[in-house]
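**Q** I am sharing model-v5.tsv, which consists of TSV, C-alpha atoms:
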```tsv
chain	number	residue	atom	x	y	z
R	833	MET	CA	127.25	98.78	109.00
R	834	THR	CA	129.10	97.97	105.79
R	835	LEU	CA	131.63	100.75	106.44
R	836	SER	CA	132.24	99.51	109.99
R	837	LEU	CA	132.84	95.97	108.75
R	838	PHE	CA	135.24	97.25	106.08
R	839	CYS	CA	137.21	99.21	108.68
R	840	LEU	CA	137.32	96.15	110.91
R	841	LEU	CA	138.78	94.07	108.09
R	842	LEU	CA	141.43	96.68	107.34
R	843	THR	CA	142.56	97.01	110.97
R	844	PRO	CA	144.89	93.96	110.92
R	845	LEU	CA	146.49	95.18	107.70
R	846	ARG	CA	147.18	98.63	109.08
R	847	ALA	CA	148.46	97.25	112.37
R	848	GLN	CA	150.88	94.94	110.56
R	849	ASN	CA	152.18	97.63	108.17
R	850	ILE	CA	151.70	95.45	105.10
R	851	SER	CA	152.83	97.45	102.10
R	852	HIS	CA	153.18	94.73	99.45
R	853	GLU	CA	150.08	94.75	97.26
R	854	PHE	CA	149.67	90.99	96.86
R	855	VAL	CA	150.41	90.19	100.50
R	856	ALA	CA	147.82	92.76	101.55
R	857	LYS	CA	145.27	91.28	99.11
R	858	GLY	CA	145.90	87.78	100.43
R	859	ILE	CA	145.39	88.86	104.03
R	860	GLU	CA	142.30	90.85	103.08
R	861	ALA	CA	140.85	87.75	101.40
R	862	PHE	CA	141.46	85.82	104.62
R	863	TYR	CA	139.47	88.35	106.66
R	864	ASN	CA	136.74	88.16	104.03
R	865	ALA	CA	136.58	84.42	104.85
R	866	ASP	CA	137.75	83.52	101.33
R	867	PHE	CA	140.42	81.18	102.64
R	868	GLU	CA	141.18	79.32	99.43
R	869	GLU	CA	141.65	82.57	97.50
R	870	SER	CA	143.78	83.97	100.29
R	871	MET	CA	146.00	80.91	100.26
R	872	ARG	CA	146.28	80.98	96.46
R	873	ILE	CA	147.37	84.64	96.41
R	874	LEU	CA	149.85	84.27	99.25
R	875	GLN	CA	151.46	81.07	97.97
R	876	HIS	CA	151.83	82.59	94.51
R	877	THR	CA	153.38	85.69	96.08
R	878	ILE	CA	155.84	83.65	98.14
R	879	LEU	CA	157.03	81.78	95.05
R	880	ASN	CA	157.11	84.62	92.54
R	881	GLU	CA	157.58	87.95	94.30
R	882	PRO	CA	160.66	89.46	95.96
R	883	LEU	CA	159.59	89.88	99.57
R	884	GLY	CA	161.20	91.37	102.63
R	885	ASP	CA	161.44	89.42	105.88
R	886	GLU	CA	158.26	90.89	107.34
R	887	GLU	CA	156.27	90.29	104.15
R	888	GLN	CA	157.48	86.67	104.02
R	889	TYR	CA	156.61	86.27	107.70
R	890	TYR	CA	153.00	87.38	107.26
R	891	SER	CA	152.60	85.42	104.04
R	892	TYR	CA	153.57	82.14	105.72
R	893	LEU	CA	151.60	83.06	108.82
R	894	TYR	CA	148.34	83.63	106.98
R	895	VAL	CA	148.78	80.56	104.81
R	896	ALA	CA	148.93	78.63	108.09
R	897	PHE	CA	145.80	80.43	109.30
R	898	CYS	CA	144.04	79.48	106.06
R	899	HIS	CA	144.99	75.83	106.54
R	900	ILE	CA	143.53	75.92	110.05
R	901	ARG	CA	140.27	77.39	108.79
R	902	LEU	CA	140.12	74.80	105.99
R	903	GLY	CA	140.73	71.95	108.45
R	904	SER	CA	144.10	70.89	107.01
R	905	ASP	CA	146.43	68.49	108.77
R	906	SER	CA	148.23	69.99	111.76
R	907	THR	CA	151.59	68.98	110.27
R	908	VAL	CA	151.02	71.34	107.34
R	909	VAL	CA	149.97	74.14	109.69
R	910	ARG	CA	153.06	73.63	111.80
R	911	LEU	CA	155.30	73.71	108.72
R	912	TYR	CA	154.05	77.16	107.68
R	913	PHE	CA	154.21	78.48	111.23
R	914	GLN	CA	157.76	77.18	111.48
R	915	ARG	CA	158.80	78.98	108.29
R	916	ALA	CA	157.37	82.25	109.59
R	917	ILE	CA	159.02	81.88	113.00
R	918	THR	CA	162.40	81.01	111.49
R	919	ILE	CA	162.36	84.23	109.46
R	920	LEU	CA	161.49	86.53	112.39
R	921	PRO	CA	161.72	84.63	115.69
R	922	ASP	CA	161.27	87.82	117.74
R	923	MET	CA	158.06	88.90	116.02
R	924	GLU	CA	155.06	88.91	118.35
R	925	LEU	CA	151.40	88.74	117.38
R	926	ASP	CA	148.80	91.04	118.87
R	927	PRO	CA	146.22	88.85	120.66
R	928	MET	CA	143.70	91.68	120.36
R	929	ARG	CA	143.82	91.53	116.55
R	930	ILE	CA	144.29	87.82	115.83
R	931	PRO	CA	141.39	85.41	116.50
R	932	PRO	CA	142.05	83.58	119.78
R	933	ASP	CA	142.19	80.04	118.36
R	934	LEU	CA	144.68	81.10	115.67
R	935	TYR	CA	146.76	83.02	118.18
R	936	ASP	CA	146.90	80.06	120.58
R	937	ALA	CA	147.87	77.67	117.78
R	938	PHE	CA	150.70	79.95	116.71
R	939	VAL	CA	152.01	80.48	120.25
R	940	ALA	CA	152.00	76.73	120.93
R	941	VAL	CA	154.16	76.06	117.88
R	942	LYS	CA	156.45	78.97	118.67
R	943	LYS	CA	157.06	77.76	122.22
R	944	SER	CA	157.95	74.32	120.93
R	945	LEU	CA	160.42	75.71	118.38
R	946	LEU	CA	162.25	78.37	120.37
R	947	GLY	CA	164.36	78.21	123.50
R	948	THR	CA	165.40	80.62	126.24
R	949	LEU	CA	168.85	81.16	127.73
R	950	ILE	CA	169.41	82.83	131.10
R	951	VAL	CA	172.94	83.99	131.94
R	952	HIS	CA	173.91	84.68	135.56
R	953	SER	CA	177.30	86.06	136.52
R	954	ASP	CA	179.33	86.57	139.67
R	955	PRO	CA	179.82	89.50	140.01
R	956	LEU	CA	176.58	90.95	138.67
R	957	ASP	CA	176.20	93.68	136.05
R	958	ALA	CA	178.58	92.08	133.59
R	959	ILE	CA	177.95	92.26	129.85
R	960	ALA	CA	176.66	89.01	128.35
R	961	MET	CA	176.94	88.69	124.57
R	962	LEU	CA	175.11	86.01	122.61
R	963	ILE	CA	176.56	85.45	119.14
R	964	GLU	CA	174.82	83.45	116.44
R	965	PRO	CA	177.66	82.04	114.27
R	966	SER	CA	175.54	81.54	111.16
R	967	THR	CA	174.53	85.21	110.95
R	968	SER	CA	177.16	86.87	113.20
R	969	LYS	CA	174.27	88.56	114.98
R	970	VAL	CA	175.26	89.80	118.44
R	971	ASP	CA	172.80	90.43	121.27
R	972	ARG	CA	174.11	92.25	124.37
R	973	LYS	CA	172.48	92.37	127.78
R	974	SER	CA	173.53	93.10	131.37
R	975	THR	CA	173.54	90.16	133.74
R	976	PRO	CA	171.36	88.58	134.84
R	977	ALA	CA	170.48	88.38	131.15
R	978	VAL	CA	167.52	86.61	129.53
R	979	PHE	CA	167.74	85.76	125.83
R	980	ARG	CA	164.37	84.68	124.44
R	981	ASN	CA	163.04	83.38	121.13
R	982	LEU	CA	166.21	81.49	120.24
R	983	LEU	CA	166.18	78.96	117.46
R	984	ASP	CA	167.40	75.45	118.20
R	985	SER	CA	171.04	76.01	117.30
R	986	SER	CA	174.61	76.48	118.50
R	987	TYR	CA	175.61	79.86	119.91
R	988	GLN	CA	178.69	81.53	121.35
R	989	VAL	CA	178.45	83.25	124.73
R	990	MET	CA	180.88	85.85	126.04
R	991	VAL	CA	180.71	87.51	129.45
R	992	THR	CA	182.92	90.50	130.21
R	993	LYS	CA	183.43	93.00	133.01
R	994	ASP	CA	186.14	95.57	133.64
R	995	GLY	CA	188.84	94.21	135.91
R	996	TYR	CA	187.93	90.57	135.25
R	997	ASP	CA	189.03	87.95	132.75
R	998	ALA	CA	186.54	87.41	129.92
R	999	PHE	CA	184.53	84.19	129.77
R	1000	ALA	CA	183.69	82.49	126.46
R	1001	ALA	CA	181.92	79.24	125.65
R	1002	ASP	CA	179.94	77.47	122.92
R	1003	ILE	CA	176.45	76.36	123.92
R	1004	ILE	CA	173.48	74.64	122.30
R	1005	VAL	CA	170.03	76.11	122.86
R	1006	ARG	CA	167.32	73.48	122.93
R	1007	ALA	CA	163.95	74.05	121.31
R	1008	GLY	CA	161.17	74.52	123.83
R	1009	ALA	CA	163.60	74.58	126.77
R	1010	MET	CA	164.85	77.18	129.22
R	1011	ASP	CA	168.56	76.77	129.92
R	1012	THR	CA	170.64	78.58	132.55
R	1013	LEU	CA	174.34	79.41	132.38
R	1014	ASN	CA	176.14	80.39	135.60
R	1015	VAL	CA	179.45	82.18	135.08
R	1016	VAL	CA	182.03	83.06	137.74
R	1017	LEU	CA	184.43	85.72	136.51
R	1018	LEU	CA	187.99	85.76	137.83
R	1019	LYS	CA	189.76	88.97	138.72
R	1020	LYS	CA	192.61	89.89	136.44
R	1021	GLU	CA	196.05	89.36	137.98
R	1022	LYS	CA	198.60	92.10	137.55
R	1023	SER	CA	201.65	91.19	135.53
R	1024	PHE	CA	205.02	90.74	137.24
R	1025	LEU	CA	206.20	94.09	135.93
R	1026	ALA	CA	203.03	95.89	137.04
R	1027	ARG	CA	203.20	94.38	140.53
R	1028	TYR	CA	206.87	95.05	141.19
R	1029	TRP	CA	207.48	98.13	139.07
R	1030	PRO	CA	207.21	100.60	142.02
R	1031	TYR	CA	209.76	98.61	144.01
R	1032	GLY	CA	211.99	98.25	140.98
R	1033	VAL	CA	211.98	101.97	140.29
R	1034	GLY	CA	212.91	102.70	143.92
R	1035	ALA	CA	215.73	100.17	143.86
R	1036	ILE	CA	217.11	101.57	140.63
R	1037	ALA	CA	216.99	105.11	142.01
R	1038	ALA	CA	218.76	104.06	145.22
R	1039	THR	CA	221.44	102.18	143.30
R	1040	ALA	CA	222.01	105.18	141.06
R	1041	ALA	CA	222.43	107.46	144.10
R	1042	ILE	CA	224.92	105.11	145.77
R	1043	PHE	CA	226.86	104.80	142.55
R	1044	ALA	CA	227.03	108.57	142.22
R	1045	ILE	CA	228.31	108.97	145.80
R	1046	THR	CA	230.85	106.18	145.40
R	1047	ALA	CA	232.09	107.49	142.11
R	1048	GLY	CA	232.45	110.96	143.59
R	1049	GLY	CA	234.49	109.69	146.62
R	1050	ASP	CA	237.09	107.90	144.46
R	1051	GLU	CA	238.19	111.04	142.72
R	1052	GLY	CA	241.75	112.21	143.62
R	1053	PRO	CA	243.00	115.79	143.96
R	1054	PRO	CA	242.58	117.92	140.90
R	1055	SER	CA	245.36	117.49	138.37
R	1056	GLN	CA	248.06	120.23	138.22
R	1057	PRO	CA	248.96	121.85	134.97
R	1058	PRO	CA	252.39	120.72	133.66
R	1059	THR	CA	255.41	122.83	134.85
R	1060	THR	CA	257.15	124.83	132.10
R	1061	LEU	CA	260.97	124.53	132.22
R	1062	PRO	CA	263.07	127.72	131.67
R	1063	VAL	CA	264.76	128.12	128.32
R	1064	PRO	CA	268.61	128.01	128.62
R	1065	PRO	CA	270.44	131.26	127.74
R	1066	ALA	CA	271.99	131.64	124.32
R	1067	ARG	CA	275.79	131.10	123.95
R	1068	PRO	CA	278.04	134.18	123.81
```
Rewrite the coordinates I just gave you, this time as structure tokens.

**A**
Amino acid sequence: MTLSLFCLLLTPLRAQNISHEFVAKGIEAFYNADFEESMRILQHTILNEPLGDEEQYYSYLYVAFCHIRLGSDSTVVRLYFQRAITILPDMELDPMRIPPDLYDAFVAVKKSLLGTLIVHSDPLDAIAMLIEPSTSKVDRKSTPAVFRNLLDSSYQVMVTKDGYDAFAADIIVRAGAMDTLNVVLLKKEKSFLARYWPYGVGAIAATAAIFAITAGGDEGPPSQPPTTLPVPPARP
């Protein structure tokens, strides 16, 4: 029984690939129901240890879980959830491994913080690019494209397709909202040279031929070599 319980407590750690010693200890303390110790370890780790994005994410996440279990104010819980979500907005929790009430609390905050952008284009199957100016991160999808888990911020959108002029615009994604962008792409117009080049080449060729014929017709008879006069005889 003890071994089974120990394995059950380790399952979330293994599933989340927690490699940092102190982060793992803090999460383990949480699953041992030692919420104050868990929060102490994790907060100390956040302040004093160099952590990667995923380690920071889980540290803030489990501090929030500890606050829920200790009955803290919801504003504090939301603050720690928000910090975790800001670090890795695309990270998803496994509802089979997180207690249902904690999972629901996290999802509710996440939905209120993140927005969704849907990009439609005419014609379809264009490439929609969402660019986050602050990080220069670029996300590419084929239209109709759905961009989820977007922080409340300003983004640049580009839509491209071969044979059509590119579309570009700045947009603001609203937290907790689903926005739609409809884009109509215009076909590229050929340049003047590209449109009339075949006719121009034909006209030039015809003019050259006429010039050659005309120039050939104006020629006179072939020139005669100069006549050599006889030398007068010498005097006697």

**Q** What does the distance from atom CA of R:Asn981 to atom CA of R:Phe862 come to in Å, to one decimal?

**A** 27.3 Å

**Q** As AutoDock Vina command-line options, what would the box around stretch 851-860 of chain R look like: edges along x, y and z, 5 Å added on every side, centre and edge lengths in Å to one decimal?

**A**
```
--center_x 147.7 --center_y 92.6 --center_z 100.4 --size_x 20.9 --size_y 19.7 --size_z 17.2
```

**Q** Applying 10 Å and all atoms listed in the file, which residues near R:Ser906 remain after dropping the ones on its own chain fewer than 4 positions away? List them as a CSV table (one decimal) with C-alpha atoms, in the coordinates of the input.

**A**
```csv
chain,number,residue,atom,x,y,z
R,896,ALA,CA,148.9,78.6,108.1
R,899,HIS,CA,145.0,75.8,106.5
R,900,ILE,CA,143.5,75.9,110.0
R,910,ARG,CA,153.1,73.6,111.8
R,911,LEU,CA,155.3,73.7,108.7
R,937,ALA,CA,147.9,77.7,117.8
```

**Q** Applying 8 Å and only C-alpha atoms, which residues near R:Asp1002 remain after dropping the ones on its own chain fewer than 5 positions away? List them as a PyMOL selection string.

**A** chain R and resi 986-989

**Q** With 12 Å as the threshold, what does the neighbourhood of (147.2, 85.9, 107.5) contain in terms of residues, counting all atoms listed in the file? Coordinates are those of the file; answer as a VMD selection string.

**A** chain R and resid 841 844 to 845 848 850 855 to 867 869 to 871 873 to 875 887 to 901 912 to 913 916 925 929 to 931 934 to 935 938
